[in-house]
Amino acid sequence: MTKFLLFLKHKIPIIWLIIEYINGLVFSLLYRKKLDRQILKYLPIIMEKKYTFRKIEKKDLVNLSVLLSNESNLEFFNPHKFDTSSLMVLFKNPSFLMMGVFDGERLAGYFFLRFFANKKAFIGRMVSSDYQRLGIAKEMSRILYGITWKMGFKCLTTISEDNKAIFDLHRKEGNVRF
């Protein structure tokens, strides 16, 4: 089923948009209140009195687009388009939770949960090259897996076989079966 949905997403985008819209409605009806309770438990948090992990707000979308468009280490990170209008569509989708890591006003990282009404969720995360190896990705994982598992969802991710760094991170965290 996942391969079929990926085919639709990449080859017949209009069908994918319809599926996304329906999924957002169904997810909102079935799980939105549960998600909101989990968000209150996990966000916002402050790490080492420096980094704030919180939901992305509408005012953050331009900065998110700039971060994603200008970051050089995104060879393997392409879960969606990075332009502001595409990010706005995701922001409005009730089944897509966008979160960011902020160093003051500067966006240091982006992570998200894409929920599906069949109790599965895809995770994604990226940390700006200026902020890597500071424990930020580990904290992102704690939040992503915590929210997903507390809601009773199965957590999924797609990783390129060539992305050794992320494979190693997932192995080290011990949250993934390959």
# chains A, B, ... in the order shown; residues from 1 in each chain; ligands from 1
call {"tool": "select_by_dssp", "arguments": {"residues": "region 7-76 of chain A", "states": "strand (DSSP E or B)", "output": "list in words"}}
result
Ile45, Ile46, Met47, Tyr51, Thr52, Phe53, Arg54 and Lys55 of chain A
call {"tool": "closest_atom_pairs", "arguments": {"of": "region 72-141 of chain A", "to": "region 42-50 of chain A", "cutoff": "10 Å", "atoms": "only C-alpha atoms", "output": "Markdown table"}}
result
| residue | atom | partner | partner_atom | distance |
| --- | --- | --- | --- | --- |
| A:Met99 | CA | A:Leu43 | CA | 9.0 |
| A:Gly100 | CA | A:Pro44 | CA | 9.8 |
| A:Val101 | CA | A:Ile46 | CA | 9.3 |
| A:Phe102 | CA | A:Lys50 | CA | 8.4 |
| A:Asp103 | CA | A:Lys50 | CA | 6.2 |
| A:Gly104 | CA | A:Lys50 | CA | 7.5 |
| A:Gly135 | CA | A:Met47 | CA | 9.2 |
| A:Ile136 | CA | A:Met47 | CA | 8.4 |
| A:Glu139 | CA | A:Met47 | CA | 8.4 |
call {"tool": "closest_residue", "arguments": {"among": "A:Gly124, A:Pro79, A:Gly109, A:Gly146", "to": "Lys9 (chain A)", "atoms": "only C-alpha atoms"}}
result
A:Pro79
call {"tool": "closest_atom_pairs", "arguments": {"of": "region 63-136 of chain A", "to": "region 54-59 of chain A", "cutoff": "10 Å", "atoms": "only C-alpha atoms", "output": "tab-separated table"}}
result
residue	atom	partner	partner_atom	distance
A:Asn63	CA	A:Lys59	CA	8.2
A:Leu64	CA	A:Ile56	CA	8.7
A:Leu87	CA	A:Lys58	CA	9.4
A:Met88	CA	A:Lys58	CA	7.6
A:Phe91	CA	A:Lys58	CA	7.4
A:Lys92	CA	A:Lys58	CA	9.2
A:Leu97	CA	A:Lys55	CA	7.5
A:Met98	CA	A:Ile56	CA	5.4
A:Met99	CA	A:Lys55	CA	4.2
A:Gly100	CA	A:Arg54	CA	5.7
A:Val101	CA	A:Arg54	CA	6.7
A:Phe102	CA	A:Arg54	CA	8.0
A:Leu107	CA	A:Ile56	CA	10.0
A:Tyr110	CA	A:Ile56	CA	8.6
A:Phe111	CA	A:Lys55	CA	9.4
A:Phe112	CA	A:Lys55	CA	9.2
call {"tool": "atom_distance", "arguments": {"atom1": "CA of Tyr21 (chain A)", "atom2": "CA of Ser95 (chain A)"}}
result
9.2 Å
call {"tool": "atom_distance", "arguments": {"atom1": "CA of Lys3 (chain A)", "atom2": "CA of Ala117 (chain A)"}}
result
17.0 Å
call {"tool": "residues_around", "arguments": {"residues": "Lys119 (chain A)", "least_positions_apart": "2", "cutoff": "8 Å", "atoms": "only C-alpha atoms", "output": "compact mmCIF listing (two decimals) with N, CA and C atoms, in the first residue's frame"}}
result
# COMPACT_ATOMS: atom_id res chain seq x y z
N PHE A 115 0.68 12.25 9.90
CA PHE A 115 -0.20 11.20 10.39
C PHE A 115 -1.15 10.72 9.30
N PHE A 116 -1.47 9.43 9.38
CA PHE A 116 -2.47 8.85 8.49
C PHE A 116 -3.56 8.22 9.34
N ALA A 117 -4.76 8.25 8.84
CA ALA A 117 -5.93 7.78 9.60
C ALA A 117 -5.84 6.29 9.93
N ALA A 121 2.28 6.87 11.11
CA ALA A 121 2.80 8.23 10.99
C ALA A 121 4.22 8.17 10.45
N GLY A 152 -0.59 5.79 20.04
CA GLY A 152 -0.87 4.45 19.56
C GLY A 152 -0.64 4.26 18.07
N PHE A 153 0.18 5.12 17.49
CA PHE A 153 0.48 5.03 16.06
C PHE A 153 1.78 4.27 15.84
N LYS A 154 1.87 3.63 14.71
CA LYS A 154 3.12 3.00 14.27
C LYS A 154 3.93 4.08 13.55
call {"tool": "select_by_dssp", "arguments": {"residues": "region 22-118 of chain A", "states": "alpha helix (DSSP H)", "output": "PyMOL selection string"}}
result
chain A and resi 22-42+61-70+84-92
call {"tool": "closest_residue", "arguments": {"among": "A:Arg106, A:Phe53, A:Asn118, A:Ser128", "to": "Ser72 (chain A)", "atoms": "only C-alpha atoms"}}
result
A:Ser128
call {"tool": "closest_atom_pairs", "arguments": {"of": "region 76-106 of chain A", "to": "region 26-29 of chain A", "cutoff": "10 Å", "atoms": "only C-alpha atoms", "output": "Markdown table"}}
result
| residue | atom | partner | partner_atom | distance |
| --- | --- | --- | --- | --- |
| A:Asn93 | CA | A:Ser28 | CA | 9.1 |
| A:Pro94 | CA | A:Ser28 | CA | 5.9 |
| A:Ser95 | CA | A:Phe27 | CA | 5.9 |
| A:Phe96 | CA | A:Phe27 | CA | 9.7 |
call {"tool": "closest_residue", "arguments": {"among": "A:Lys138, A:Arg32, A:Arg125, A:His10", "to": "Phe77 (chain A)", "atoms": "only C-alpha atoms"}}
result
A:Arg125
call {"tool": "atom_distance", "arguments": {"atom1": "CA of Lys81 (chain A)", "atom2": "CA of Met151 (chain A)"}}
result
27.1 Å
